[in-house]
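J.: If it helps, the file is called run14.txt and holds compact mmCIF, C-alpha atoms (C1' of nucleotides):
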# COMPACT_ATOMS: atom_id res chain seq x y z
CA MET X 1 19.79 10.59 2.29
CA ASP X 2 20.30 13.62 0.21
CA VAL X 3 17.06 13.49 -1.66
CA ALA X 4 14.87 13.26 1.43
CA LEU X 5 16.68 15.97 3.32
CA ARG X 6 16.56 18.30 0.38
CA ALA X 7 12.87 17.59 -0.07
CA VAL X 8 12.15 18.40 3.54
CA ALA X 9 14.13 21.61 3.34
CA ASP X 10 11.23 23.31 1.59
CA PRO X 11 8.51 24.75 3.83
CA THR X 12 5.69 24.01 1.41
CA ARG X 13 6.67 20.39 1.26
CA ARG X 14 6.87 20.18 5.03
CA ALA X 15 3.35 21.59 5.16
CA ILE X 16 2.22 18.95 2.71
CA LEU X 17 3.76 16.23 4.84
CA ARG X 18 1.81 17.51 7.82
CA LEU X 19 -1.36 17.40 5.76
CA VAL X 20 -0.96 13.82 4.68
CA ARG X 21 0.41 12.65 7.97
CA GLU X 22 -2.75 10.91 9.07
CA ASN X 23 -5.06 10.67 6.10
CA GLU X 24 -4.92 9.97 2.44
CA ILE X 25 -5.66 13.18 0.62
CA PRO X 26 -6.30 13.72 -3.08
CA ALA X 27 -3.90 16.03 -4.89
CA GLY X 28 -6.58 18.58 -5.51
CA ASP X 29 -7.45 18.91 -1.86
CA ILE X 30 -3.82 19.36 -1.05
CA ALA X 31 -3.41 22.04 -3.68
CA ARG X 32 -6.46 23.80 -2.32
CA GLN X 33 -4.62 24.26 0.95
CA PHE X 34 -2.16 26.52 -0.82
CA PRO X 35 -4.22 29.24 -2.44
CA SER X 36 -1.15 31.37 -2.85
CA MET X 37 0.35 29.10 -5.43
CA SER X 38 -0.82 27.35 -8.55
CA ARG X 39 -1.99 23.77 -8.58
CA PRO X 40 0.83 22.58 -10.84
CA ALA X 41 3.33 23.99 -8.37
CA VAL X 42 1.85 21.80 -5.68
CA SER X 43 1.77 18.89 -8.06
CA GLN X 44 5.49 19.32 -8.61
CA HIS X 45 6.09 19.39 -4.90
CA LEU X 46 4.17 16.15 -4.61
CA ARG X 47 6.42 14.69 -7.25
CA VAL X 48 9.50 15.68 -5.29
CA LEU X 49 8.09 14.17 -2.12
CA SER X 50 7.18 11.01 -3.94
CA ASP X 51 10.60 10.69 -5.53
CA ALA X 52 12.14 11.19 -2.13
CA GLY X 53 10.10 8.34 -0.74
CA LEU X 54 8.32 10.62 1.69
CA VAL X 55 4.82 9.96 0.42
CA ASP X 56 2.95 7.11 -1.15
CA VAL X 57 0.49 7.62 -3.99
CA ARG X 58 -2.52 5.57 -4.88
CA PRO X 59 -4.89 6.08 -7.79
CA ASP X 60 -8.52 6.35 -6.83
CA GLY X 61 -10.67 6.66 -9.88
CA ASN X 62 -10.15 10.09 -11.16
CA ARG X 63 -7.91 11.20 -8.41
CA ARG X 64 -4.61 10.36 -6.79
CA LEU X 65 -4.46 9.92 -3.07
CA TYR X 66 -1.33 10.86 -1.19
CA ARG X 67 -0.31 9.86 2.25
CA LEU X 68 2.77 10.06 4.39
CA ARG X 69 5.36 7.37 4.12
CA PRO X 70 6.94 7.73 7.55
CA GLU X 71 9.92 5.52 6.82
CA GLY X 72 10.99 8.15 4.36
CA LEU X 73 12.22 10.20 7.26
CA ASN X 74 14.49 7.49 8.55
CA ASP X 75 17.54 9.01 6.97
CA MET X 76 16.86 12.24 8.70
CA ALA X 77 16.43 10.47 12.03
CA ALA X 78 19.61 8.56 11.37
CA PHE X 79 21.47 11.77 10.77
CA LEU X 80 20.19 13.20 14.01
CA ASP X 81 21.28 10.06 15.81
CA GLU X 82 24.65 10.18 14.18
CA ILE X 83 25.20 13.71 15.36
CA TRP X 84 23.64 13.36 18.74
CA THR X 85 24.97 9.94 19.60
CA ASP X 86 27.96 11.51 21.17
CA ASN X 87 27.29 11.87 24.83
CA LEU X 88 28.82 15.29 25.13
CA THR X 89 26.81 16.81 22.35
CA ARG X 90 23.63 15.15 23.48
CA LEU X 91 24.12 16.39 26.97
CA LYS X 92 24.80 19.79 25.59
CA ALA X 93 21.57 19.78 23.67
CA VAL X 94 19.71 19.35 26.90
CA ALA X 95 22.29 21.13 28.97
CA GLU X 96 20.04 22.96 31.34
CA ARG X 97 18.26 19.82 32.42
CA GLU X 98 20.69 18.58 34.96
CA GLU X 99 24.22 18.79 36.25
CA TRP X 100 26.65 16.44 34.66
CA PRO X 101 30.05 15.23 35.83
CA GLN X 102 33.30 16.19 34.19
CA ARG X 103 34.34 13.95 31.38
CA ALA X 104 37.62 13.45 29.65
CA ARG X 105 37.78 14.83 26.17
CA ASP X 106 39.05 12.16 23.88
CA ALA X 107 41.40 12.17 20.94
CA ASN X 108 40.21 13.67 17.72
CA GLN X 109 40.07 12.12 14.30
CA VAL X 110 40.84 15.37 12.59
CA PRO X 111 44.36 16.57 13.28
CA HIS X 112 44.69 19.92 14.86
CA GLN X 113 47.37 21.96 13.28
CA LYS X 114 49.19 22.84 16.44
CA ALA X 115 48.09 23.25 19.97
CA MET R 1 13.35 26.13 11.36
CA ASP R 2 13.81 26.83 7.74
CA VAL R 3 17.34 28.05 7.92
CA ALA R 4 18.64 25.03 9.81
CA LEU R 5 16.87 22.49 7.65
CA ARG R 6 18.08 24.16 4.50
CA ALA R 7 21.60 24.25 5.86
CA VAL R 8 21.54 20.56 6.65
CA ALA R 9 20.22 19.73 3.22
CA ASP R 10 23.68 20.12 1.77
CA PRO R 11 25.97 17.07 1.99
CA THR R 12 29.14 19.08 2.44
CA ARG R 13 27.65 20.89 5.38
CA ARG R 14 26.51 17.65 6.92
CA ALA R 15 30.05 16.36 6.59
CA ILE R 16 31.33 19.48 8.31
CA LEU R 17 28.90 18.96 11.14
CA ARG R 18 30.22 15.46 11.59
CA LEU R 19 33.74 16.83 11.72
CA VAL R 20 33.04 19.37 14.41
CA ARG R 21 30.75 17.10 16.31
CA GLU R 22 33.20 16.36 19.09
CA ASN R 23 36.05 18.79 18.83
CA GLU R 24 36.73 22.37 18.04
CA ILE R 25 38.43 22.51 14.68
CA PRO R 26 40.04 25.47 12.96
CA ALA R 27 38.58 26.50 9.62
CA GLY R 28 41.72 25.55 7.78
CA ASP R 29 41.66 22.00 9.06
CA ILE R 30 38.06 21.69 8.05
CA ALA R 31 38.77 22.97 4.58
CA ARG R 32 41.63 20.50 4.28
CA GLN R 33 39.11 17.70 4.64
CA PHE R 34 37.58 18.72 1.35
CA PRO R 35 40.40 18.68 -1.16
CA SER R 36 37.92 18.63 -3.99
CA MET R 37 36.75 22.15 -3.32
CA SER R 38 38.34 25.47 -2.64
CA ARG R 39 38.92 26.83 0.84
CA PRO R 40 36.59 29.81 0.33
CA ALA R 41 33.80 27.43 -0.61
CA VAL R 42 34.20 25.72 2.72
CA SER R 43 34.40 29.06 4.44
CA GLN R 44 31.05 29.98 2.95
CA HIS R 45 29.57 26.72 4.10
CA LEU R 46 30.80 27.51 7.58
CA ARG R 47 29.07 30.83 7.33
CA VAL R 48 25.81 29.17 6.43
CA LEU R 49 26.14 26.75 9.31
CA SER R 50 26.94 29.55 11.68
CA ASP R 51 24.01 31.66 10.52
CA ALA R 52 21.79 28.65 10.98
CA GLY R 53 22.97 28.28 14.56
CA LEU R 54 24.40 24.87 13.87
CA VAL R 55 27.97 25.71 14.85
CA ASP R 56 29.68 28.01 17.27
CA VAL R 57 32.79 29.95 16.35
CA ARG R 58 35.55 31.14 18.60
CA PRO R 59 38.63 33.13 17.64
CA ASP R 60 41.89 31.58 18.69
CA GLY R 61 44.77 33.84 17.80
CA ASN R 62 45.13 33.60 14.13
CA ARG R 63 42.47 31.03 13.63
CA ARG R 64 38.80 30.48 14.15
CA LEU R 65 37.67 27.37 15.89
CA TYR R 66 34.36 25.80 14.95
CA ARG R 67 32.40 23.30 16.89
CA LEU R 68 28.97 21.79 16.73
CA ARG R 69 26.12 23.58 18.39
CA PRO R 70 23.84 20.61 18.97
CA GLU R 71 20.83 22.66 19.99
CA GLY R 72 20.81 23.93 16.43
CA LEU R 73 19.27 20.64 15.41
CA ASN R 74 16.40 20.93 17.81
CA ASP R 75 14.06 22.24 15.15
CA MET R 76 14.82 19.28 12.99
CA ALA R 77 14.13 16.92 15.86
CA ALA R 78 10.93 18.80 16.58
CA PHE R 79 9.81 18.35 13.01
CA LEU R 80 10.49 14.64 13.21
CA ASP R 81 8.48 14.45 16.38
CA GLU R 82 5.68 16.43 14.85
CA ILE R 83 5.44 14.00 11.99
CA TRP R 84 6.07 10.90 13.96
CA THR R 85 3.94 11.66 16.97
CA ASP R 86 1.63 8.92 15.94
CA ASN R 87 2.94 5.82 17.60
CA LEU R 88 2.05 3.51 14.80
CA THR R 89 3.87 5.48 12.17
CA ARG R 90 6.85 5.76 14.43
CA LEU R 91 6.95 2.06 15.10
CA LYS R 92 6.56 1.39 11.45
CA ALA R 93 9.42 3.64 10.59
CA VAL R 94 11.69 2.23 13.22
CA ALA R 95 10.81 -1.28 12.23
CA GLU R 96 11.84 -0.74 8.67
CA ARG R 97 14.93 1.06 9.74
CA GLU R 98 16.07 -1.93 11.70
CA GLU R 99 15.14 -4.31 9.00
CA TRP R 100 16.88 -2.41 6.25
CA PRO R 101 19.57 -0.51 8.00
CA GLN R 102 21.38 0.14 4.77
CA ARG R 103 18.50 2.22 3.57
CA ALA R 104 18.06 0.70 0.16
CA ARG R 105 14.57 1.66 -0.73
CA ASP R 106 13.13 0.21 -3.88
CA ALA R 107 11.08 2.70 -5.79
CA ASN R 108 8.89 0.14 -7.51
CA GLN R 109 7.69 -2.34 -4.99
CA VAL R 110 7.35 -0.44 -1.83
CA PRO R 111 7.71 -2.75 1.12
CA HIS R 112 5.45 -1.02 3.55
CA GLN R 113 2.67 -2.63 5.54
CA LYS R 114 4.65 -5.31 7.22
CA ALA R 115 3.26 -7.33 10.07
C1' DC V 1 -19.79 9.66 -27.50
C1' DA V 2 -19.08 14.54 -25.72
C1' DT V 3 -17.31 16.78 -22.36
C1' DC V 4 -16.24 17.79 -17.74
C1' DT V 5 -13.01 16.88 -13.77
C1' DA V 6 -8.70 15.74 -11.66
C1' DT V 7 -4.16 15.70 -12.27
C1' DG V 8 0.36 15.38 -14.31
C1' DT V 9 3.96 17.33 -17.73
C1' DA V 10 6.42 20.78 -20.75
C1' DA V 11 8.44 25.10 -21.59
C1' DG V 12 10.12 29.12 -19.90
C1' DC V 13 11.29 32.68 -16.45
C1' DT V 14 13.43 34.32 -12.04
C1' DT V 15 15.96 33.69 -8.08
C1' DA V 16 18.75 30.90 -5.01
C1' DT V 17 22.72 28.08 -4.41
C1' DG V 18 27.23 26.48 -4.58
C1' DA V 19 31.51 26.97 -6.73
C1' DT V 20 35.74 29.68 -8.35
C1' DT V 21 39.40 33.29 -8.40
C1' DA V 22 41.01 37.56 -6.69
C1' DC V 23 41.35 40.51 -2.83
C1' DA V 24 41.07 42.27 2.10
C1' DT V 25 42.10 41.82 6.94
C1' DA V 26 43.77 40.26 11.38
C1' DG V 27 47.07 38.06 13.85
C1' DT V 28 52.08 35.92 14.33
C1' DT V 29 56.91 35.92 13.88
C1' DC V 30 61.32 37.31 13.04
C1' DG Q 1 57.43 46.66 10.58
C1' DA Q 2 57.89 43.29 6.78
C1' DA Q 3 56.55 39.11 5.54
C1' DC Q 4 53.96 35.09 6.40
C1' DT Q 5 49.68 32.54 7.93
C1' DA Q 6 44.80 31.90 8.60
C1' DT Q 7 40.60 33.23 7.24
C1' DG Q 8 36.74 35.89 5.58
C1' DT Q 9 34.53 38.74 1.62
C1' DA Q 10 33.54 40.39 -3.20
C1' DA Q 11 32.59 39.60 -7.79
C1' DT Q 12 31.19 36.39 -10.92
C1' DC Q 13 29.37 32.25 -13.11
C1' DA Q 14 26.78 27.89 -13.93
C1' DT Q 15 23.33 25.11 -12.37
C1' DA Q 16 19.38 23.98 -9.55
C1' DA Q 17 14.91 25.14 -7.63
C1' DG Q 18 10.50 26.83 -7.58
C1' DC Q 19 6.90 29.23 -9.87
C1' DT Q 20 3.64 30.27 -13.84
C1' DT Q 21 0.87 29.37 -17.97
C1' DA Q 22 -0.32 26.25 -21.55
C1' DC Q 23 -1.12 21.63 -22.80
C1' DA Q 24 -1.91 16.47 -22.36
C1' DT Q 25 -4.30 12.52 -20.53
C1' DA Q 26 -7.14 9.41 -17.79
C1' DG Q 27 -11.20 8.64 -15.70
C1' DA Q 28 -16.18 10.08 -14.61
C1' DT Q 29 -20.72 11.48 -16.21
C1' DG Q 30 -24.61 13.08 -18.78
Represent the supplied structure as structure tokens.
T.:
Amino acid sequence: MDVALRAVADPTRRAILRLVRENEIPAGDIARQFPSMSRPAVSQHLRVLSDAGLVDVRPDGNRRLYRLRPEGLNDMAAFLDEIWTDNLTRLKAVAEREEWPQRARDANQVPHQKA
Amino acid sequence: MDVALRAVADPTRRAILRLVRENEIPAGDIARQFPSMSRPAVSQHLRVLSDAGLVDVRPDGNRRLYRLRPEGLNDMAAFLDEIWTDNLTRLKAVAEREEWPQRARDANQVPHQKA
DNA sequence: CATCTATGTAAGCTTATGATTACATAGTTC
DNA sequence: GAACTATGTAATCATAAGCTTACATAGATG
């Protein structure tokens, strides 16, 4: 989980993921989308994404085509689920949507010092 | 978006989020859950989470009670949606997630393109 | 072949991050 | 109000992250 979440934490890499979301794109084209940084920098980002399982690579003659590997984000989705599975928190996240009935607060797993 | 995603990229902070997911917990109790690191380290993590809008803090006499602020993860959910808006990719991701719930991805033979 | 194109890797630099210990501050309690 | 408790902050350090330039390599092309 760690590797994917850390990879996604970088804005450049998120931008890359958006780029390759629908189409295979050669590394050079991707790099060209980031004129503010060097091509090797982008190449290294691609490496990180690849290591994190967030993109697939495929050689195509001279070039290397990248594309999104959507399953790579499963850990992130799982984390969201884990956090939001709780009804209270989920309701809170969409609090303003509707009125919800009072609910008993249940026992905690982490001991409070004293009440 | 950046600040929240970067905050969540750290495993200790994710663990903290799980702790405060359902209950308010005083900082000291949280720190006690991480015997392998110093209390100030945890305090700084709490600061990061707070700055990222992922937790709320409330003074309670001597102590400070932390609890999850679920809306703080909305950006992360939005990013997931943005990437997964394509139904096929989403289905694909979910399919693999259910098939390999333990998330053991093999780096060599990538098992995509099922069915 | 000679060389041009696309791309990855290595080395090195700078800044960010996460940790530690020492200290400061606010509240509680006797 | 003196001492104790809970917690945050400051200073500092080691390591990680991200960038750059220089170099290496694989495939395309004349």
J.: So the first atom is atom CA of Asp60 of chain R and the second is atom CA of Ala7 of chain R; what is the distance between them in Å, to one decimal place?
T.: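 According to the coordinates, atom CA of Asp60 of chain R and atom CA of Ala7 of chain R are separated by 25.1 Å.
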J.: Output as a ChimeraX atom specification the set of chain V residues within 9 Å of chain X, with distances taken over all atoms listed in the file.
T.: /V:5-8
J.: For those residues, write C-alpha atoms (C1' of nucleotides) to a file as a short mmCIF file (atom, residue, chain, number, x, y, z; two decimals), in the coordinates of the input.
T.:
data_model
loop_
_atom_site.label_atom_id
_atom_site.label_comp_id
_atom_site.auth_asym_id
_atom_site.auth_seq_id
_atom_site.Cartn_x
_atom_site.Cartn_y
_atom_site.Cartn_z
"C1'" DT V 5 -13.01 16.88 -13.77
"C1'" DA V 6 -8.70 15.74 -11.66
"C1'" DT V 7 -4.16 15.70 -12.27
"C1'" DG V 8 0.36 15.38 -14.31
#
J.: Give the residues of chain Q that lie within 7 Å of chain X; count only C-alpha atoms (C1' of nucleotides), and format the answer as number ranges by chain.
T.: Q: 19, 27-28
J.: Quick one: of R:Ala52, R:Pro59, R:Leu68, R:Ala78, who's nearest to chain X, counting all atoms listed in the file?
T.: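 Residue with the minimum atom-to-atom distance to chain X: R:Leu68.
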J.: Between R:Glu71, R:Asp51, R:Asp56, R:Glu24, single out the one closest to chain X, counting only C-alpha atoms.
T.: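 Result for the nearest residue to chain X: R:Glu71.
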J.: Step by step: start from the point (-17.2, 14.1, -18.1) in the file's coordinates, keep every protein, DNA or RNA residue that has an atom no farther than 8 Å from it, count all atoms listed in the file, and write the set as a list in words.
T.: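 With a cut-off of 8 Å, the residues come to DA2, DT3, DC4 and DT5 of chain V; DA28, DT29 and DG30 of chain Q.
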J.: Give me, please, the distance in Å between atom CA of Arg6 of chain X and atom CA of Met76 of chain X, quoted to one decimal.
T.: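 According to the coordinates, atom CA of Arg6 of chain X and atom CA of Met76 of chain X are separated by 10.3 Å.
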J.: Within 12 Å of Thr12 of chain X, counting all atoms listed in the file, which residues qualify if same-chain residues fewer than 3 places away don't, as a list in words?
T.: Ala7, Val8, Ala9, Ala15, Ile16, Leu17, Arg18, Leu19, Ile30, Ala31, Gln33, Phe34, Pro35, Ser36, Met37, Ala41, Val42, Ser43, Gln44, His45, Leu46, Val48 and Leu49 of chain X; Asp2 of chain R; DG18 of chain Q
J.: Can you work out the spacing between atom C1' of DT25 of chain Q and atom CA of Gly53 of chain X in Å, to one decimal?
T.: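 Distance reported for this atom pair: 24.8 Å.
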J.: Looking at X:Ile25, X:Asp81, X:Pro70, X:Arg13, which one is nearest to chain R, with distances taken over all atoms listed in the file?
T.: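 Of all the options, X:Pro70 lies closest to chain R.
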J.: I'd like the neighbourhood of DG12 of chain V as a PyMOL selection string, where a residue qualifies if any of its atoms comes within 12 Å (using only C-alpha atoms (C1' of nucleotides)), though same-chain residues fewer than 2 positions away should be ignored.
T.: (chain V and resi 10+14) or (chain Q and resi 19-22)
J.: Create the file for the chosen residues now, containing C-alpha atoms (C1' of nucleotides) and written as a PDB file, in the coordinates of the input.
T.:
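Wrote again.pdb, looks like this:
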ATOM      1  C1'  DA V  10       6.420  20.780 -20.750  1.00  0.00           C
ATOM      2  C1'  DT V  14      13.430  34.320 -12.040  1.00  0.00           C
TER       3       DT V  14
ATOM      4  C1'  DC Q  19       6.900  29.230  -9.870  1.00  0.00           C
ATOM      5  C1'  DT Q  20       3.640  30.270 -13.840  1.00  0.00           C
ATOM      6  C1'  DT Q  21       0.870  29.370 -17.970  1.00  0.00           C
ATOM      7  C1'  DA Q  22      -0.320  26.250 -21.550  1.00  0.00           C
TER       8       DA Q  22
END
J.: Show me, as number ranges by chain, the residues that have an atom within 9 Å of segment 13-16 of chain Q when counting only C-alpha atoms (C1' of nucleotides), minus same-chain residues fewer than 6 positions from it.
T.: V: 16-20
